[in-house]
$ cat start.cif   # mmCIF, C-alpha atoms
data_upload
loop_
_atom_site.label_atom_id
_atom_site.label_comp_id
_atom_site.auth_asym_id
_atom_site.auth_seq_id
_atom_site.Cartn_x
_atom_site.Cartn_y
_atom_site.Cartn_z
CA MET Z 1 0.00 0.00 0.00
CA LYS Z 2 0.91 3.67 -0.23
CA ILE Z 3 0.84 4.98 3.33
CA LEU Z 4 1.31 8.53 4.60
CA VAL Z 5 3.00 8.53 8.00
CA THR Z 6 3.25 11.85 9.80
CA GLY Z 7 5.98 12.30 12.39
CA THR Z 8 8.55 10.08 10.65
CA ALA Z 9 11.47 11.86 12.32
CA GLY Z 10 9.90 10.96 15.66
CA PHE Z 11 10.42 7.96 17.90
CA ILE Z 12 7.34 5.94 16.93
CA GLY Z 13 7.03 7.30 13.40
CA SER Z 14 10.54 6.32 12.34
CA ALA Z 15 10.12 2.82 13.77
CA LEU Z 16 6.75 2.39 12.07
CA ALA Z 17 8.07 3.61 8.71
CA THR Z 18 10.97 1.15 8.98
CA HIS Z 19 8.61 -1.78 9.51
CA LEU Z 20 6.20 -0.71 6.74
CA LEU Z 21 9.05 -0.37 4.23
CA ALA Z 22 10.41 -3.76 5.26
CA ARG Z 23 7.12 -5.44 4.41
CA GLY Z 24 6.95 -3.76 1.01
CA ASP Z 25 4.74 -0.71 1.53
CA GLU Z 26 5.48 2.68 0.00
CA VAL Z 27 5.81 5.34 2.71
CA ILE Z 28 5.36 9.07 2.36
CA GLY Z 29 7.02 10.43 5.49
CA LEU Z 30 5.99 13.86 6.73
CA ASP Z 31 7.76 15.80 9.49
CA ASN Z 32 8.81 19.39 10.14
CA VAL Z 33 11.85 18.26 12.20
CA ASN Z 34 11.29 20.97 14.81
CA ASP Z 35 13.62 21.68 17.72
CA TYR Z 36 11.39 20.50 20.58
CA TYR Z 37 14.32 18.16 21.28
CA ASP Z 38 17.66 17.29 19.66
CA VAL Z 39 17.29 17.78 15.90
CA ASN Z 40 20.37 15.63 15.25
CA LEU Z 41 18.61 12.64 16.80
CA LYS Z 42 15.63 13.21 14.52
CA LEU Z 43 17.87 13.47 11.46
CA ALA Z 44 19.67 10.28 12.48
CA ARG Z 45 16.34 8.44 12.60
CA LEU Z 46 15.53 9.69 9.11
CA THR Z 47 18.87 8.75 7.56
CA PRO Z 48 18.22 5.02 6.93
CA LEU Z 49 14.67 5.75 5.74
CA LYS Z 50 15.86 8.23 3.10
CA LYS Z 51 18.17 5.60 1.61
CA GLN Z 52 15.17 3.49 0.56
CA THR Z 53 13.56 4.10 -2.82
CA SER Z 54 10.06 3.43 -1.43
CA PHE Z 55 10.38 6.32 1.04
CA THR Z 56 9.50 9.91 0.17
CA GLU Z 57 10.33 12.66 2.65
CA LEU Z 58 8.11 15.73 3.04
CA ARG Z 59 9.54 18.44 5.32
CA ILE Z 60 6.34 20.32 6.26
CA SER Z 61 4.26 21.11 9.33
CA LEU Z 62 0.77 19.82 10.05
CA GLU Z 63 -0.33 23.41 10.62
CA ASP Z 64 0.50 24.35 7.02
CA ARG Z 65 -2.92 23.80 5.51
CA LYS Z 66 -1.90 24.43 1.91
CA ALA Z 67 1.14 22.16 2.10
CA ILE Z 68 -0.84 19.33 3.72
CA ASP Z 69 -3.52 19.53 1.04
CA GLN Z 70 -0.80 19.49 -1.63
CA ALA Z 71 0.77 16.42 -0.03
CA PHE Z 72 -2.51 14.52 -0.25
CA SER Z 73 -3.17 15.74 -3.81
CA SER Z 74 0.29 14.85 -5.09
CA HIS Z 75 0.87 11.51 -3.37
CA LYS Z 76 -2.68 10.14 -2.98
CA PRO Z 77 -2.04 7.83 0.01
CA GLN Z 78 -4.39 4.91 0.49
CA ARG Z 79 -4.04 4.98 4.27
CA VAL Z 80 -2.71 7.46 6.81
CA VAL Z 81 -1.07 7.10 10.21
CA ASN Z 82 -0.96 10.42 12.05
CA LEU Z 83 1.78 10.35 14.70
CA ALA Z 84 2.97 13.97 14.37
CA ALA Z 85 1.96 16.06 17.37
CA GLN Z 86 3.28 18.27 20.08
CA ALA Z 87 3.95 15.72 22.81
CA GLY Z 88 4.68 15.96 26.52
CA VAL Z 89 2.49 16.62 29.55
CA ARG Z 90 4.95 18.91 31.33
CA TYR Z 91 5.76 21.04 28.29
CA SER Z 92 2.04 21.71 27.79
CA LEU Z 93 2.15 23.75 31.01
CA GLU Z 94 4.85 25.97 29.51
CA ASN Z 95 3.79 26.35 25.89
CA PRO Z 96 0.07 25.65 25.45
CA HIS Z 97 -0.18 27.32 22.05
CA ALA Z 98 2.13 24.70 20.52
CA TYR Z 99 -0.47 22.06 21.39
CA ILE Z 100 -3.37 24.00 19.92
CA ASP Z 101 -1.46 24.63 16.68
CA ALA Z 102 -0.11 21.11 16.07
CA ASN Z 103 -2.64 18.90 17.79
CA LEU Z 104 -5.88 20.68 16.90
CA ALA Z 105 -5.32 22.82 13.79
CA GLY Z 106 -2.81 20.30 12.43
CA PHE Z 107 -5.08 17.33 13.02
CA CYS Z 108 -7.96 19.14 11.31
CA ASN Z 109 -5.77 19.51 8.23
CA VAL Z 110 -5.07 15.78 8.26
CA LEU Z 111 -8.78 14.98 8.60
CA GLU Z 112 -9.61 17.27 5.69
CA GLY Z 113 -6.89 15.69 3.58
CA CYS Z 114 -8.28 12.23 4.28
CA ARG Z 115 -11.84 13.37 3.58
CA HIS Z 116 -11.17 15.05 0.25
CA HIS Z 117 -8.75 12.47 -1.14
CA GLY Z 118 -10.53 9.19 -0.46
CA VAL Z 119 -8.25 7.75 2.21
CA GLU Z 120 -9.37 4.23 3.15
CA HIS Z 121 -8.40 4.38 6.83
CA LEU Z 122 -6.98 7.00 9.18
CA VAL Z 123 -5.12 5.70 12.22
CA TYR Z 124 -4.00 8.36 14.68
CA ALA Z 125 -2.09 8.55 17.93
CA SER Z 126 -4.00 9.31 21.08
CA THR Z 127 -2.54 8.76 24.55
CA SER Z 128 -3.11 7.09 27.90
CA SER Z 129 -3.09 10.63 29.32
CA VAL Z 130 -6.73 11.01 28.21
CA TYR Z 131 -7.74 8.88 31.21
CA GLY Z 132 -6.78 11.84 33.39
CA ALA Z 133 -8.56 11.74 36.72
CA ASN Z 134 -9.91 8.21 36.17
CA THR Z 135 -8.97 5.82 38.97
CA ALA Z 136 -10.70 2.57 37.93
CA MET Z 137 -8.00 0.14 36.78
CA PRO Z 138 -7.23 -1.11 34.22
CA PHE Z 139 -8.13 1.80 31.94
CA SER Z 140 -10.66 0.75 29.31
CA VAL Z 141 -11.63 2.43 26.04
CA HIS Z 142 -15.21 1.85 27.15
CA ASP Z 143 -14.74 4.19 30.14
CA ASN Z 144 -15.77 7.83 30.06
CA VAL Z 145 -12.73 10.11 29.75
CA ASP Z 146 -14.11 13.61 30.18
CA HIS Z 147 -11.74 14.78 32.93
CA PRO Z 148 -8.26 15.35 31.45
CA VAL Z 149 -5.67 16.86 33.80
CA SER Z 150 -3.32 18.39 31.21
CA LEU Z 151 -3.81 20.41 28.05
CA TYR Z 152 -1.86 17.75 26.15
CA ALA Z 153 -4.45 15.16 27.19
CA ALA Z 154 -7.29 17.52 26.34
CA THR Z 155 -6.00 18.00 22.79
CA LYS Z 156 -5.74 14.24 22.30
CA LYS Z 157 -9.27 13.72 23.61
CA ALA Z 158 -10.34 16.44 21.19
CA ASN Z 159 -8.66 14.49 18.36
CA GLU Z 160 -10.83 11.49 19.21
CA LEU Z 161 -13.96 13.65 19.09
CA MET Z 162 -12.90 15.30 15.82
CA ALA Z 163 -12.21 11.91 14.25
CA HIS Z 164 -15.62 10.62 15.32
CA THR Z 165 -17.30 13.61 13.70
CA TYR Z 166 -15.61 12.85 10.37
CA SER Z 167 -16.48 9.16 10.66
CA HIS Z 168 -20.11 10.12 11.29
CA LEU Z 169 -20.46 12.84 8.65
CA TYR Z 170 -18.43 11.32 5.83
CA GLY Z 171 -18.31 7.59 6.59
CA MET Z 172 -14.53 7.91 6.93
CA PRO Z 173 -12.98 4.99 8.88
CA THR Z 174 -10.87 6.27 11.78
CA THR Z 175 -9.07 4.46 14.58
CA GLY Z 176 -7.49 6.13 17.60
CA LEU Z 177 -4.67 4.44 19.50
CA ARG Z 178 -4.04 5.28 23.14
CA PHE Z 179 -0.34 4.60 23.65
CA PHE Z 180 0.95 3.76 27.13
CA THR Z 181 4.45 5.07 28.06
CA VAL Z 182 6.44 4.02 25.01
CA TYR Z 183 10.17 3.32 25.47
CA GLY Z 184 13.07 1.68 23.67
CA PRO Z 185 15.98 2.40 21.28
CA TRP Z 186 15.83 5.81 19.54
CA GLY Z 187 13.46 7.06 22.26
CA ARG Z 188 12.66 10.67 23.06
CA PRO Z 189 15.22 12.57 25.18
CA ASP Z 190 12.45 14.14 27.29
CA MET Z 191 11.21 10.74 28.49
CA ALA Z 192 12.22 9.22 31.82
CA LEU Z 193 14.34 6.33 30.51
CA PHE Z 194 16.47 8.63 28.36
CA LEU Z 195 16.85 11.24 31.11
CA PHE Z 196 17.67 8.64 33.75
CA THR Z 197 20.26 6.89 31.58
CA ARG Z 198 22.05 10.10 30.68
CA ASN Z 199 22.19 11.38 34.24
CA ILE Z 200 23.28 8.08 35.76
CA LEU Z 201 26.13 7.74 33.26
CA GLU Z 202 27.17 11.35 33.92
CA GLY Z 203 27.03 10.86 37.69
CA LYS Z 204 24.16 13.33 38.08
CA PRO Z 205 21.06 12.76 40.23
CA ILE Z 206 17.79 11.72 38.63
CA ASP Z 207 14.48 13.39 39.48
CA VAL Z 208 12.06 10.79 40.85
CA PHE Z 209 8.59 12.31 40.90
CA ASN Z 210 5.79 11.31 43.26
CA TYR Z 211 8.60 10.06 45.53
CA GLY Z 212 8.92 6.97 43.35
CA ASN Z 213 5.32 5.84 43.87
CA HIS Z 214 4.39 6.09 40.20
CA GLN Z 215 3.19 3.03 38.33
CA ARG Z 216 3.45 2.98 34.56
CA ASP Z 217 2.37 0.52 31.89
CA PHE Z 218 5.72 0.73 30.07
CA THR Z 219 5.32 -0.48 26.47
CA TYR Z 220 8.25 -1.40 24.24
CA ILE Z 221 8.52 0.34 20.87
CA ASP Z 222 8.37 -2.85 18.75
CA ASP Z 223 5.15 -3.85 20.51
CA ILE Z 224 3.65 -0.44 19.78
CA VAL Z 225 4.59 -0.66 16.10
CA GLU Z 226 3.16 -4.16 15.75
CA GLY Z 227 -0.08 -2.96 17.31
CA VAL Z 228 -0.28 0.02 14.95
CA ILE Z 229 0.27 -2.17 11.88
CA ARG Z 230 -2.31 -4.74 13.00
CA VAL Z 231 -4.90 -1.99 13.46
CA LEU Z 232 -3.93 -0.17 10.25
CA ASP Z 233 -4.58 -3.34 8.26
CA ARG Z 234 -8.01 -3.77 9.85
CA VAL Z 235 -10.18 -0.90 8.62
CA ALA Z 236 -12.51 0.47 11.30
CA THR Z 237 -16.13 -0.62 11.03
CA PRO Z 238 -19.37 0.46 12.74
CA ASN Z 239 -20.53 -1.35 15.85
CA PRO Z 240 -23.99 -2.71 14.95
CA ASP Z 241 -24.84 -3.12 18.64
CA TRP Z 242 -24.07 0.49 19.57
CA ASN Z 243 -26.95 1.93 21.62
CA SER Z 244 -27.43 5.65 22.21
CA ASP Z 245 -29.27 4.90 25.46
CA LYS Z 246 -26.05 3.40 26.79
CA PRO Z 247 -23.38 4.91 24.54
CA ASP Z 248 -20.08 3.05 24.32
CA PRO Z 249 -17.19 5.58 24.12
CA GLY Z 250 -14.88 3.08 22.41
CA THR Z 251 -17.07 2.36 19.36
CA SER Z 252 -19.88 3.94 17.36
CA LYS Z 253 -22.56 3.41 14.75
CA SER Z 254 -20.00 5.11 12.52
CA PRO Z 255 -16.74 3.44 11.34
CA TYR Z 256 -14.86 4.59 14.44
CA ARG Z 257 -12.74 2.63 16.93
CA LEU Z 258 -10.44 3.24 19.86
CA TYR Z 259 -7.80 0.86 21.23
CA ASN Z 260 -5.33 0.88 24.08
CA ILE Z 261 -1.82 -0.30 23.20
CA GLY Z 262 -0.10 -1.07 26.46
CA ASN Z 263 1.86 -3.88 28.06
CA HIS Z 264 -0.96 -4.64 30.53
CA GLN Z 265 1.72 -4.97 33.21
CA PRO Z 266 2.07 -1.83 35.37
CA VAL Z 267 5.55 -1.45 36.84
CA GLU Z 268 6.58 0.53 39.92
CA LEU Z 269 8.89 3.38 38.98
CA MET Z 270 11.46 2.22 41.55
CA ARG Z 271 11.54 -1.22 39.92
CA PHE Z 272 12.03 0.42 36.52
CA ILE Z 273 14.99 2.38 37.93
CA GLU Z 274 16.38 -0.77 39.55
CA VAL Z 275 16.40 -2.63 36.24
CA LEU Z 276 18.10 0.34 34.56
CA GLU Z 277 20.76 0.41 37.29
CA GLU Z 278 21.41 -3.29 36.72
CA CYS Z 279 21.78 -2.78 32.96
CA LEU Z 280 24.13 0.18 33.43
CA GLY Z 281 26.08 -1.40 36.28
CA ARG Z 282 25.68 1.81 38.28
CA THR Z 283 23.54 3.08 41.14
CA ALA Z 284 21.50 6.22 40.58
CA LYS Z 285 21.62 9.24 42.85
CA LYS Z 286 17.95 9.94 43.43
CA ASN Z 287 16.27 13.30 43.96
CA PHE Z 288 12.79 12.48 45.29
CA LEU Z 289 10.14 15.06 44.37
CA PRO Z 290 6.34 15.45 44.65
CA MET Z 291 4.06 14.64 41.73
CA GLN Z 292 4.04 17.33 39.04
CA ASP Z 293 0.97 19.21 37.84
CA GLY Z 294 -0.80 17.38 35.02
CA ASP Z 295 0.67 14.02 35.98
CA VAL Z 296 -1.19 10.92 37.16
CA PRO Z 297 -0.04 8.35 39.75
CA ALA Z 298 -0.65 5.22 37.68
CA THR Z 299 -1.50 3.88 34.23
CA TYR Z 300 -2.70 0.39 33.36
CA ALA Z 301 -4.06 -0.64 29.95
CA ASP Z 302 -7.03 -2.91 29.35
CA VAL Z 303 -6.11 -4.45 25.99
CA ASP Z 304 -8.99 -6.91 25.62
CA ASP Z 305 -10.34 -5.14 22.53
CA LEU Z 306 -6.92 -5.15 20.85
CA ILE Z 307 -6.58 -8.87 21.53
CA ARG Z 308 -10.08 -9.62 20.25
CA ASP Z 309 -10.01 -7.48 17.10
CA ALA Z 310 -6.33 -7.42 16.13
CA GLY Z 311 -5.20 -10.71 17.66
CA TYR Z 312 -2.33 -9.01 19.41
CA GLN Z 313 -1.07 -8.18 22.90
CA PRO Z 314 2.22 -6.40 23.75
CA ALA Z 315 4.42 -8.63 25.86
CA THR Z 316 8.04 -7.40 25.99
CA PRO Z 317 9.20 -7.34 29.65
CA ILE Z 318 11.04 -4.25 30.92
CA GLU Z 319 14.13 -6.32 31.61
CA THR Z 320 14.43 -7.00 27.87
CA GLY Z 321 13.33 -3.59 26.67
CA ILE Z 322 15.56 -1.55 28.98
CA ALA Z 323 18.58 -3.72 28.12
CA ARG Z 324 18.01 -3.05 24.42
CA PHE Z 325 17.70 0.69 25.06
CA VAL Z 326 20.93 0.79 27.07
CA GLU Z 327 22.75 -1.13 24.33
CA TRP Z 328 21.50 1.38 21.74
CA TYR Z 329 22.30 4.39 23.94
CA ARG Z 330 25.88 3.29 24.61
CA ASP Z 331 26.44 2.63 20.92
CA TYR Z 332 24.80 5.86 19.67
CA TYR Z 333 26.58 8.11 22.18
CA SER Z 334 29.78 6.02 22.32
CA CYS Z 335 29.74 5.78 26.11
#
$ encode --input "start.cif" --output "structure tokens"
Amino acid sequence: MKILVTGTAGFIGSALATHLLARGDEVIGLDNVNDYYDVNLKLARLTPLKKQTSFTELRISLEDRKAIDQAFSSHKPQRVVNLAAQAGVRYSLENPHAYIDANLAGFCNVLEGCRHHGVEHLVYASTSSVYGANTAMPFSVHDNVDHPVSLYAATKKANELMAHTYSHLYGMPTTGLRFFTVYGPWGRPDMALFLFTRNILEGKPIDVFNYGNHQRDFTYIDDIVEGVIRVLDRVATPNPDWNSDKPDPGTSKSPYRLYNIGNHQPVELMRFIEVLEECLGRTAKKNFLPMQDGDVPATYADVDDLIRDAGYQPATPIETGIARFVEWYRDYYSC
């Protein structure tokens, strides 16, 4: 297939593009390569992709309405995976406008491109952060998620609502994927594993929020990518049993679906750090801090729908995933 993947200089986008190319798909990769974090890391992710004849790079922003429309007109993708976004809970407290521009205006441009150019299926990244103030565990796509606790989460919840509207009005199949704490080689420098590894190797203390009492459903990058591909290949369909008297948030009478992609194995933050220390052969100096605004104490994915519909469940243990990240980090930074 010809697939447009936005965010191909990003952590998940570059990994997804690599897998799609390997199975024979043609990938149009779109990214503005902004400086939210190290541009050199983004360019390094792109380098092997650009060497492949089935990969086309587009260096544009989602917010550029004219350029996005031109991308759809020129390349006519059959399916789209939208991973480009302004990410990060903490950064959304500092620069809210970046989230409105990329995650709302940008996503609208993607929806319009899909609508006007006959895209068969739009798959887009949501986040576990949409569960916000929810406390019932594990988090289910069939739960109500109307109480986000960060602007980042609110924009992703808005994406789900926007996608549903297009599915309803235009019969456009859309599937939202709520990712749970993705980690692994080529990961983002603003994420805990990257920050912890760098500081431990440099002999600096690591910031341990919520005094180490966090629980996270850490999900390895290869598991995320496999989940995305499984869902991409299965075009969203209406739920014939959907009932407006008891509306199910995870499905619809329209061709609209939501799935969690998580490891279904919450891990204590202190255990995560312990495994990292073992892989690095060093003990971290820990700076224990209270929970930050916009954060949540725990995440835990219910993946029953993903198992039922896509026949897949992430399963990489943190011991394996962290070891692979450390191996990559030491090689990439020669340390």
$ resolve_selection --input "start.cif" --expression "the PyMOL selection byres ((chain Z and resi 206) around 10)" --output "list in words"
Ala192, Leu195, Phe196, Thr197, Arg198, Asn199, Ile200, Gly203, Lys204, Pro205, Asp207, Val208, Phe209, Ile273, Ala284, Lys285, Lys286, Asn287 and Phe288 of chain Z
$ resolve_selection --input "start.cif" --expression "the PyMOL selection byres ((chain Z and resi 217) around 9)" --output "PDB file with C-alpha atoms, in the coordinates of the input"
ATOM      1  CA  PHE Z 180       0.950   3.760  27.130  1.00  0.00           C
ATOM      2  CA  THR Z 181       4.450   5.070  28.060  1.00  0.00           C
ATOM      3  CA  VAL Z 182       6.440   4.020  25.010  1.00  0.00           C
ATOM      4  CA  GLN Z 215       3.190   3.030  38.330  1.00  0.00           C
ATOM      5  CA  ARG Z 216       3.450   2.980  34.560  1.00  0.00           C
ATOM      6  CA  PHE Z 218       5.720   0.730  30.070  1.00  0.00           C
ATOM      7  CA  THR Z 219       5.320  -0.480  26.470  1.00  0.00           C
ATOM      8  CA  GLY Z 262      -0.100  -1.070  26.460  1.00  0.00           C
ATOM      9  CA  ASN Z 263       1.860  -3.880  28.060  1.00  0.00           C
ATOM     10  CA  HIS Z 264      -0.960  -4.640  30.530  1.00  0.00           C
ATOM     11  CA  GLN Z 265       1.720  -4.970  33.210  1.00  0.00           C
ATOM     12  CA  PRO Z 266       2.070  -1.830  35.370  1.00  0.00           C
ATOM     13  CA  VAL Z 267       5.550  -1.450  36.840  1.00  0.00           C
ATOM     14  CA  ALA Z 298      -0.650   5.220  37.680  1.00  0.00           C
ATOM     15  CA  THR Z 299      -1.500   3.880  34.230  1.00  0.00           C
ATOM     16  CA  TYR Z 300      -2.700   0.390  33.360  1.00  0.00           C
ATOM     17  CA  ALA Z 301      -4.060  -0.640  29.950  1.00  0.00           C
TER      18      ALA Z 301
END
$ resolve_selection --input "start.cif" --expression "the PyMOL selection byres ((chain Z and resi 333) around 12)" --output "list in words"
Asn40, Leu41, Trp186, Phe194, Thr197, Arg198, Leu201, Phe325, Val326, Glu327, Trp328, Tyr329, Arg330, Asp331, Tyr332, Ser334 and Cys335 of chain Z
$ residues_around --input "start.cif" --residues "range 11-21 of chain Z" --least-positions-apart "5" --cutoff "7 Å" --atoms "all atoms listed in the file" --output "ChimeraX atom specification"
/Z:5-6,26-27,45-46,49,54,83,186-188,221,225
$ closest_atom_pairs --input "start.cif" --of "range 109-150 of chain Z" --to "range 74-77 of chain Z" --cutoff "10 Å" --atoms "all atoms listed in the file" --output "CSV"
residue,atom,partner,partner_atom,distance
Z:Gly113,CA,Z:Lys76,CA,9.6
Z:Cys114,CA,Z:Pro77,CA,8.7
Z:His117,CA,Z:Lys76,CA,6.8
Z:Gly118,CA,Z:Lys76,CA,8.3
Z:Val119,CA,Z:Pro77,CA,6.6
Z:Glu120,CA,Z:Pro77,CA,8.7
Z:His121,CA,Z:Pro77,CA,9.9
$ atom_distance --input "start.cif" --atom1 "CA of Ala98 in chain Z" --atom2 "CA of Val296 in chain Z"
21.9 Å
$ axis_aligned_box --input "start.cif" --around "range 141-148 of chain Z" --padding-each-side "4 Å" --output "AutoDock Vina command-line options"
--center_x -12.0 --center_y 8.6 --center_z 29.5 --size_x 15.5 --size_y 21.5 --size_z 14.9
$ residues_around --input "start.cif" --residues "range 57-64 of chain Z" --least-positions-apart "3" --cutoff "12 Å" --atoms "all atoms listed in the file" --output "PyMOL selection string"
chain Z and resi 4-9+14+17+26-34+43+46-54+67-72+74-75+82-86+98-113
$ residues_near_point --input "start.cif" --point "(-9.9, -10.4, 28.9)" --cutoff "12 Å" --atoms "all atoms listed in the file" --output "list in words"
Pro138, Ser140, His264, Ala301, Asp302, Val303, Asp304, Asp305, Leu306, Ile307, Arg308 and Gln313 of chain Z
$ closest_residue --input "start.cif" --among "Z:Lys2, Z:His147, Z:Arg79, Z:Arg324" --to "Pro173 in chain Z" --atoms "all atoms listed in the file"
Z:Arg79
$ closest_residue --input "start.cif" --among "Z:Gly176, Z:Pro290, Z:Pro314, Z:Gly321" --to "His164 in chain Z" --atoms "only C-alpha atoms"
Z:Gly176
$ build_atoms --input "start.cif" --residues "range 42-50 of chain Z" --atoms "all heavy atoms" --output "PDB file, in the frame of the given file"
ATOM      1  N   LYS Z  42      16.700  13.368  15.507  1.00  0.00           N
ATOM      2  CA  LYS Z  42      15.630  13.210  14.520  1.00  0.00           C
ATOM      3  C   LYS Z  42      16.208  12.924  13.132  1.00  0.00           C
ATOM      4  O   LYS Z  42      15.725  12.047  12.403  1.00  0.00           O
ATOM      5  CB  LYS Z  42      14.755  14.457  14.488  1.00  0.00           C
ATOM      6  CG  LYS Z  42      13.999  14.718  15.783  1.00  0.00           C
ATOM      7  CD  LYS Z  42      13.101  15.944  15.661  1.00  0.00           C
ATOM      8  CE  LYS Z  42      12.312  16.167  16.936  1.00  0.00           C
ATOM      9  NZ  LYS Z  42      11.349  17.276  16.820  1.00  0.00           N
ATOM     10  N   LEU Z  43      17.244  13.666  12.771  1.00  0.00           N
ATOM     11  CA  LEU Z  43      17.870  13.470  11.460  1.00  0.00           C
ATOM     12  C   LEU Z  43      18.513  12.088  11.359  1.00  0.00           C
ATOM     13  O   LEU Z  43      18.486  11.456  10.291  1.00  0.00           O
ATOM     14  CB  LEU Z  43      18.906  14.564  11.214  1.00  0.00           C
ATOM     15  CG  LEU Z  43      18.354  15.993  11.094  1.00  0.00           C
ATOM     16  CD1 LEU Z  43      19.501  16.988  10.971  1.00  0.00           C
ATOM     17  CD2 LEU Z  43      17.394  16.107   9.918  1.00  0.00           C
ATOM     18  N   ALA Z  44      19.066  11.609  12.471  1.00  0.00           N
ATOM     19  CA  ALA Z  44      19.670  10.280  12.480  1.00  0.00           C
ATOM     20  C   ALA Z  44      18.616   9.195  12.281  1.00  0.00           C
ATOM     21  O   ALA Z  44      18.874   8.168  11.631  1.00  0.00           O
ATOM     22  CB  ALA Z  44      20.429  10.047  13.785  1.00  0.00           C
ATOM     23  N   ARG Z  45      17.419   9.408  12.822  1.00  0.00           N
ATOM     24  CA  ARG Z  45      16.340   8.440  12.600  1.00  0.00           C
ATOM     25  C   ARG Z  45      15.931   8.416  11.135  1.00  0.00           C
ATOM     26  O   ARG Z  45      15.570   7.363  10.588  1.00  0.00           O
ATOM     27  CB  ARG Z  45      15.128   8.806  13.461  1.00  0.00           C
ATOM     28  CG  ARG Z  45      15.305   8.691  14.962  1.00  0.00           C
ATOM     29  CD  ARG Z  45      13.979   9.021  15.626  1.00  0.00           C
ATOM     30  NE  ARG Z  45      14.031   9.076  17.079  1.00  0.00           N
ATOM     31  CZ  ARG Z  45      13.559  10.091  17.808  1.00  0.00           C
ATOM     32  NH1 ARG Z  45      13.028  11.145  17.196  1.00  0.00           N
ATOM     33  NH2 ARG Z  45      13.625  10.068  19.120  1.00  0.00           N
ATOM     34  N   LEU Z  46      15.956   9.584  10.504  1.00  0.00           N
ATOM     35  CA  LEU Z  46      15.530   9.690   9.110  1.00  0.00           C
ATOM     36  C   LEU Z  46      16.539   9.106   8.125  1.00  0.00           C
ATOM     37  O   LEU Z  46      16.161   8.661   7.035  1.00  0.00           O
ATOM     38  CB  LEU Z  46      15.280  11.153   8.743  1.00  0.00           C
ATOM     39  CG  LEU Z  46      13.982  11.792   9.229  1.00  0.00           C
ATOM     40  CD1 LEU Z  46      14.002  13.288   8.938  1.00  0.00           C
ATOM     41  CD2 LEU Z  46      12.765  11.140   8.572  1.00  0.00           C
ATOM     42  N   THR Z  47      17.809   9.121   8.496  1.00  0.00           N
ATOM     43  CA  THR Z  47      18.870   8.750   7.560  1.00  0.00           C
ATOM     44  C   THR Z  47      18.652   7.403   6.879  1.00  0.00           C
ATOM     45  O   THR Z  47      18.705   7.306   5.641  1.00  0.00           O
ATOM     46  CB  THR Z  47      20.245   8.805   8.244  1.00  0.00           C
ATOM     47  OG1 THR Z  47      20.496  10.161   8.656  1.00  0.00           O
ATOM     48  CG2 THR Z  47      21.343   8.354   7.310  1.00  0.00           C
ATOM     49  N   PRO Z  48      18.405   6.311   7.618  1.00  0.00           N
ATOM     50  CA  PRO Z  48      18.220   5.020   6.930  1.00  0.00           C
ATOM     51  C   PRO Z  48      16.934   4.974   6.104  1.00  0.00           C
ATOM     52  O   PRO Z  48      16.873   4.247   5.105  1.00  0.00           O
ATOM     53  CB  PRO Z  48      18.189   4.005   8.081  1.00  0.00           C
ATOM     54  CG  PRO Z  48      17.834   4.795   9.294  1.00  0.00           C
ATOM     55  CD  PRO Z  48      18.403   6.155   9.086  1.00  0.00           C
ATOM     56  N   LEU Z  49      15.922   5.735   6.502  1.00  0.00           N
ATOM     57  CA  LEU Z  49      14.670   5.750   5.740  1.00  0.00           C
ATOM     58  C   LEU Z  49      14.897   6.388   4.363  1.00  0.00           C
ATOM     59  O   LEU Z  49      14.402   5.901   3.343  1.00  0.00           O
ATOM     60  CB  LEU Z  49      13.590   6.531   6.498  1.00  0.00           C
ATOM     61  CG  LEU Z  49      13.167   5.980   7.856  1.00  0.00           C
ATOM     62  CD1 LEU Z  49      12.180   6.929   8.529  1.00  0.00           C
ATOM     63  CD2 LEU Z  49      12.540   4.589   7.707  1.00  0.00           C
ATOM     64  N   LYS Z  50      15.647   7.475   4.342  1.00  0.00           N
ATOM     65  CA  LYS Z  50      15.860   8.230   3.100  1.00  0.00           C
ATOM     66  C   LYS Z  50      16.698   7.463   2.081  1.00  0.00           C
ATOM     67  O   LYS Z  50      16.719   7.806   0.905  1.00  0.00           O
ATOM     68  CB  LYS Z  50      16.510   9.578   3.429  1.00  0.00           C
ATOM     69  CG  LYS Z  50      15.592  10.507   4.190  1.00  0.00           C
ATOM     70  CD  LYS Z  50      16.325  11.665   4.830  1.00  0.00           C
ATOM     71  CE  LYS Z  50      16.874  12.631   3.830  1.00  0.00           C
ATOM     72  NZ  LYS Z  50      17.438  13.842   4.483  1.00  0.00           N
TER      73      LYS Z  50
END
